[in-house]
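> Once you've had a glance at the structure underneath, I'll fire off some questions.
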Amino acid sequence: MKTVGYAAHSAQDDLAPFHFERRDLRDNDVAIEILYTGICHSDLHQLRNDWDMSEYPMVPGHEIVGKVIDVGKDVKSYKVGDNVAVGCMVDSCQECDQCEHGDEQFCREGMTQTYNSPDRINGNITYGGYSKHIVVREEFVLSVSDQLDMKRAAPILCAGITTFAPLRDFEVEEGSRVGVIGLGGLGHMAVKLAKAMGAKVTVLTHSAGKVDTAREMGADDVVLSTDEDAMENAANSLDLIINTVPVKHDLNPYMPLLDVGGTLVVVGQVGPVNELNTMPMVFGNRGVSGSLIGGIQRTQEVLDFCAEHDIHPKCEMIRMDEINDALKRLEKGEVAHRIVIDMSTLEADQ
């Protein structure tokens with residue numbers, strides 16, 4: 001299938017139109033016309049090769065919604081015209097203990113990521129959702145309820161599942177006290193999801209300009225991390241903190257905010273953080289944990305949860321040719337929501 005996307009050819013390049021071919025359908029494949037693609041901060045890390053694992057040319061994008069346009073002969077769950085979604089993975093071995101437990105992201109043979117990852121069958125590097133079409137193994141295609149707005153659903157596939165998974169893992173429920181560090185694409189989804197689970201939610205931000213926005217999102221309290229008195233008054237007030245900050249930073253100021261036995265879960269930064277003082281951990285039985293997206297079953301769960309509770313990410317729609325300006329704004333930390341690309345603006349002749 002001939003298609004077009006936007007690709008970078010090095011860590012220094014802007015994204016530009018890129019013509020390429022998707023593979024022929026295998027018997028268990030679903031071909032999808034992409035309608036909307038969310039922009040994730042990890043796209044920026046991958047484009048800049050911040051994790052020393054990038055392959056070029058690179059077509060990013062792993063927050064994808066669209067319509068089925070063709071299926072392989074063995075596909076049973078989807079038909080032409082269905083509204084579907086694709087998240088951060090497009091394949092795994094499906095046989096190891098992790099896959100059998102529904103944690104394909106921890107596949108013992110390694111998951112195949114939606115982009116910048118070798119295909120399990122032919123070894124070609126995968127291209128993502130900044131494109132008109134994608135071909136995906138049936139088991140990694142997700143259903144999108146008619147109750148979800150397709151224009152705003154794409155960020156659920158990464159920002160949604162990334163914050164939903166630890167909220168479920170740590171059994172957030174009515175009366176839980178949840179803190180959220182940062183109010184960007186991940187943070188604002190964490191607030192909405194935790195509130196829908198019945199939690200009391202506190203947003204922790206260094207920006208006074210985001211206080212009103214946090215409350216509009218549903219936060220019960222907002223604590224400025226730059227206000228020493230406010231931070232001290234918030235000591236022992238939280239059971240769980242979801243840390244969405246995507247760059248190196250200091251975890252130490254946040255540990256005393258956890259009550260005895262509380263946990264801070266890192267879902268933003270992949271890489272080093274400032275040196276950690278273990279005293280608040282040892283003397284409060286507090287912990288630091290990490291969380292990586294979620295399995296396919298749980299990703300379907302968050303899509304259905306958002307449909308049931310009318311949860312939609314706060315989205316800004318852009319044209320495909322506005323992508324480079326959008327990434328610059330994201331890099332500067334100017335975005336307190338999710339940016340979504342309207343893929344109908346990507347013309348085949350670009």
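Labeling convention for the structure tokens: chains A, B, ... as they appear, residues from 1 per chain, ligands from 1 in order of appearance.
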Mind listing the strand (DSSP E) residues of segment 34-280 of chain A, per DSSP on the backbone, as a PyMOL selection string?
chain A and resi 34-39+64-71+83-86+89-91+112-113+133-137+142-143+177-181+200-205+221-224+238-243+258-266
> List every residue of segment 46-76 of chain A that has an atom at most 7 Å from any atom of segment 15-29 of chain A, giving for each one its closest atom pair and the distance in Å to one decimal, counting only C-alpha atoms, sorted by chain and then by ascending residue number, as JSON lines.

```
{"residue": "A:Val71", "atom": "CA", "partner": "A:Asp29", "partner_atom": "CA", "distance": 5.9}
{"residue": "A:Gly72", "atom": "CA", "partner": "A:Asp27", "partner_atom": "CA", "distance": 4.2}
{"residue": "A:Lys73", "atom": "CA", "partner": "A:Asp27", "partner_atom": "CA", "distance": 5.1}
{"residue": "A:Asp74", "atom": "CA", "partner": "A:Asp27", "partner_atom": "CA", "distance": 5.2}
{"residue": "A:Val75", "atom": "CA", "partner": "A:Asn28", "partner_atom": "CA", "distance": 5.2}
```
> Considering only C-alpha atoms, give me a table of residues in segment 38-69 of chain A that are at most 12 Å from segment 87-93 of chain A, with the closest atom pair and distance in Å for each, as a tab-separated table.

```
residue	atom	partner	partner_atom	distance
A:Gly38	CA	A:Gly87	CA	10.2
A:Ile39	CA	A:Gly87	CA	12.0
A:Cys40	CA	A:Cys88	CA	10.5
A:Ser42	CA	A:Cys88	CA	10.6
A:Asp43	CA	A:Cys88	CA	11.0
A:Pro60	CA	A:Cys88	CA	10.6
A:Gly61	CA	A:Cys88	CA	8.4
A:His62	CA	A:Cys88	CA	4.9
A:Glu63	CA	A:Gly87	CA	5.3
A:Ile64	CA	A:Gly87	CA	6.3
A:Val65	CA	A:Gly87	CA	8.8
A:Gly66	CA	A:Gly87	CA	11.7
```
> Pull all heavy atoms from the residues just selected and write them as a PDB file, in the first residue's frame.

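Listing of result-v6.pdb after writing:
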```
ATOM      1  N   GLY A  38      -2.474  11.809  17.884  1.00  0.00           N
ATOM      2  CA  GLY A  38      -2.008  12.671  18.955  1.00  0.00           C
ATOM      3  C   GLY A  38      -0.492  12.805  18.949  1.00  0.00           C
ATOM      4  O   GLY A  38       0.233  11.927  18.471  1.00  0.00           O
ATOM      5  N   ILE A  39      -0.019  13.925  19.487  1.00  0.00           N
ATOM      6  CA  ILE A  39       1.420  14.175  19.612  1.00  0.00           C
ATOM      7  C   ILE A  39       1.825  13.930  21.062  1.00  0.00           C
ATOM      8  O   ILE A  39       1.323  14.575  21.981  1.00  0.00           O
ATOM      9  CB  ILE A  39       1.771  15.616  19.212  1.00  0.00           C
ATOM     10  CG1 ILE A  39       1.340  15.896  17.764  1.00  0.00           C
ATOM     11  CG2 ILE A  39       3.264  15.873  19.381  1.00  0.00           C
ATOM     12  CD1 ILE A  39       1.525  17.345  17.360  1.00  0.00           C
ATOM     13  N   CYS A  40       2.721  12.985  21.259  1.00  0.00           N
ATOM     14  CA  CYS A  40       3.199  12.616  22.591  1.00  0.00           C
ATOM     15  C   CYS A  40       4.591  13.204  22.816  1.00  0.00           C
ATOM     16  O   CYS A  40       5.373  13.354  21.871  1.00  0.00           O
ATOM     17  CB  CYS A  40       3.237  11.086  22.700  1.00  0.00           C
ATOM     18  SG  CYS A  40       3.864  10.472  24.275  1.00  0.00           S
ATOM     19  N   SER A  42       6.993  11.736  24.058  1.00  0.00           N
ATOM     20  CA  SER A  42       7.988  10.736  23.681  1.00  0.00           C
ATOM     21  C   SER A  42       8.312  10.806  22.193  1.00  0.00           C
ATOM     22  O   SER A  42       9.409  10.415  21.769  1.00  0.00           O
ATOM     23  CB  SER A  42       7.520   9.331  24.059  1.00  0.00           C
ATOM     24  OG  SER A  42       6.327   9.001  23.392  1.00  0.00           O
ATOM     25  N   ASP A  43       7.375  11.310  21.376  1.00  0.00           N
ATOM     26  CA  ASP A  43       7.695  11.549  19.961  1.00  0.00           C
ATOM     27  C   ASP A  43       8.876  12.508  19.852  1.00  0.00           C
ATOM     28  O   ASP A  43       9.776  12.324  19.021  1.00  0.00           O
ATOM     29  CB  ASP A  43       6.498  12.148  19.218  1.00  0.00           C
ATOM     30  CG  ASP A  43       5.293  11.221  19.170  1.00  0.00           C
ATOM     31  OD1 ASP A  43       5.460  10.011  19.408  1.00  0.00           O
ATOM     32  OD2 ASP A  43       4.185  11.716  18.890  1.00  0.00           O
ATOM     33  N   PRO A  60       6.918   9.310  13.386  1.00  0.00           N
ATOM     34  CA  PRO A  60       6.440   9.092  14.755  1.00  0.00           C
ATOM     35  C   PRO A  60       4.918   8.886  14.791  1.00  0.00           C
ATOM     36  O   PRO A  60       4.242   8.864  13.761  1.00  0.00           O
ATOM     37  CB  PRO A  60       6.836  10.384  15.471  1.00  0.00           C
ATOM     38  CG  PRO A  60       7.697  11.142  14.528  1.00  0.00           C
ATOM     39  CD  PRO A  60       7.312  10.696  13.159  1.00  0.00           C
ATOM     40  N   GLY A  61       4.404   8.772  16.016  1.00  0.00           N
ATOM     41  CA  GLY A  61       2.964   8.725  16.239  1.00  0.00           C
ATOM     42  C   GLY A  61       2.463   7.386  16.742  1.00  0.00           C
ATOM     43  O   GLY A  61       2.521   6.400  16.021  1.00  0.00           O
ATOM     44  N   HIS A  62       1.977   7.372  18.011  1.00  0.00           N
ATOM     45  CA  HIS A  62       1.398   6.144  18.565  1.00  0.00           C
ATOM     46  C   HIS A  62       0.093   6.410  19.322  1.00  0.00           C
ATOM     47  O   HIS A  62      -0.268   5.655  20.207  1.00  0.00           O
ATOM     48  CB  HIS A  62       2.414   5.392  19.442  1.00  0.00           C
ATOM     49  CG  HIS A  62       2.976   6.190  20.579  1.00  0.00           C
ATOM     50  ND1 HIS A  62       4.222   5.935  21.102  1.00  0.00           N
ATOM     51  CD2 HIS A  62       2.471   7.216  21.300  1.00  0.00           C
ATOM     52  CE1 HIS A  62       4.458   6.765  22.105  1.00  0.00           C
ATOM     53  NE2 HIS A  62       3.394   7.548  22.244  1.00  0.00           N
ATOM     54  N   GLU A  63      -0.562   7.480  18.968  1.00  0.00           N
ATOM     55  CA  GLU A  63      -1.917   7.771  19.465  1.00  0.00           C
ATOM     56  C   GLU A  63      -2.806   7.912  18.228  1.00  0.00           C
ATOM     57  O   GLU A  63      -2.942   8.994  17.672  1.00  0.00           O
ATOM     58  CB  GLU A  63      -1.937   9.049  20.301  1.00  0.00           C
ATOM     59  CG  GLU A  63      -1.108   8.972  21.568  1.00  0.00           C
ATOM     60  CD  GLU A  63      -1.172  10.262  22.394  1.00  0.00           C
ATOM     61  OE1 GLU A  63      -1.573  11.312  21.860  1.00  0.00           O
ATOM     62  OE2 GLU A  63      -0.820  10.197  23.578  1.00  0.00           O
ATOM     63  N   ILE A  64      -3.381   6.802  17.798  1.00  0.00           N
ATOM     64  CA  ILE A  64      -3.976   6.720  16.463  1.00  0.00           C
ATOM     65  C   ILE A  64      -5.437   6.292  16.535  1.00  0.00           C
ATOM     66  O   ILE A  64      -5.764   5.304  17.200  1.00  0.00           O
ATOM     67  CB  ILE A  64      -3.204   5.690  15.614  1.00  0.00           C
ATOM     68  CG1 ILE A  64      -1.733   6.104  15.451  1.00  0.00           C
ATOM     69  CG2 ILE A  64      -3.850   5.494  14.246  1.00  0.00           C
ATOM     70  CD1 ILE A  64      -0.833   4.983  14.941  1.00  0.00           C
ATOM     71  N   VAL A  65      -6.313   7.027  15.852  1.00  0.00           N
ATOM     72  CA  VAL A  65      -7.683   6.565  15.632  1.00  0.00           C
ATOM     73  C   VAL A  65      -7.998   6.680  14.147  1.00  0.00           C
ATOM     74  O   VAL A  65      -7.488   7.561  13.449  1.00  0.00           O
ATOM     75  CB  VAL A  65      -8.730   7.345  16.472  1.00  0.00           C
ATOM     76  CG1 VAL A  65      -8.544   7.093  17.954  1.00  0.00           C
ATOM     77  CG2 VAL A  65      -8.681   8.824  16.157  1.00  0.00           C
ATOM     78  N   GLY A  66      -8.828   5.761  13.684  1.00  0.00           N
ATOM     79  CA  GLY A  66      -9.164   5.774  12.268  1.00  0.00           C
ATOM     80  C   GLY A  66     -10.256   4.781  11.948  1.00  0.00           C
ATOM     81  O   GLY A  66     -10.993   4.328  12.832  1.00  0.00           O
TER      82      GLY A  66
END
```
> Let's see if you can do this: from backbone DSSP, list all alpha helix (DSSP H) residues in segment 77-309 of chain A, as number ranges by chain.
A: 97-100, 150-153, 159-169, 185-196, 211-217, 228-233, 279-282, 296-309
> What is the atom CA of Ala230 of chain A-atom CA of Leu257 of chain A distance in Å, reported with one decimal?
10.6 Å
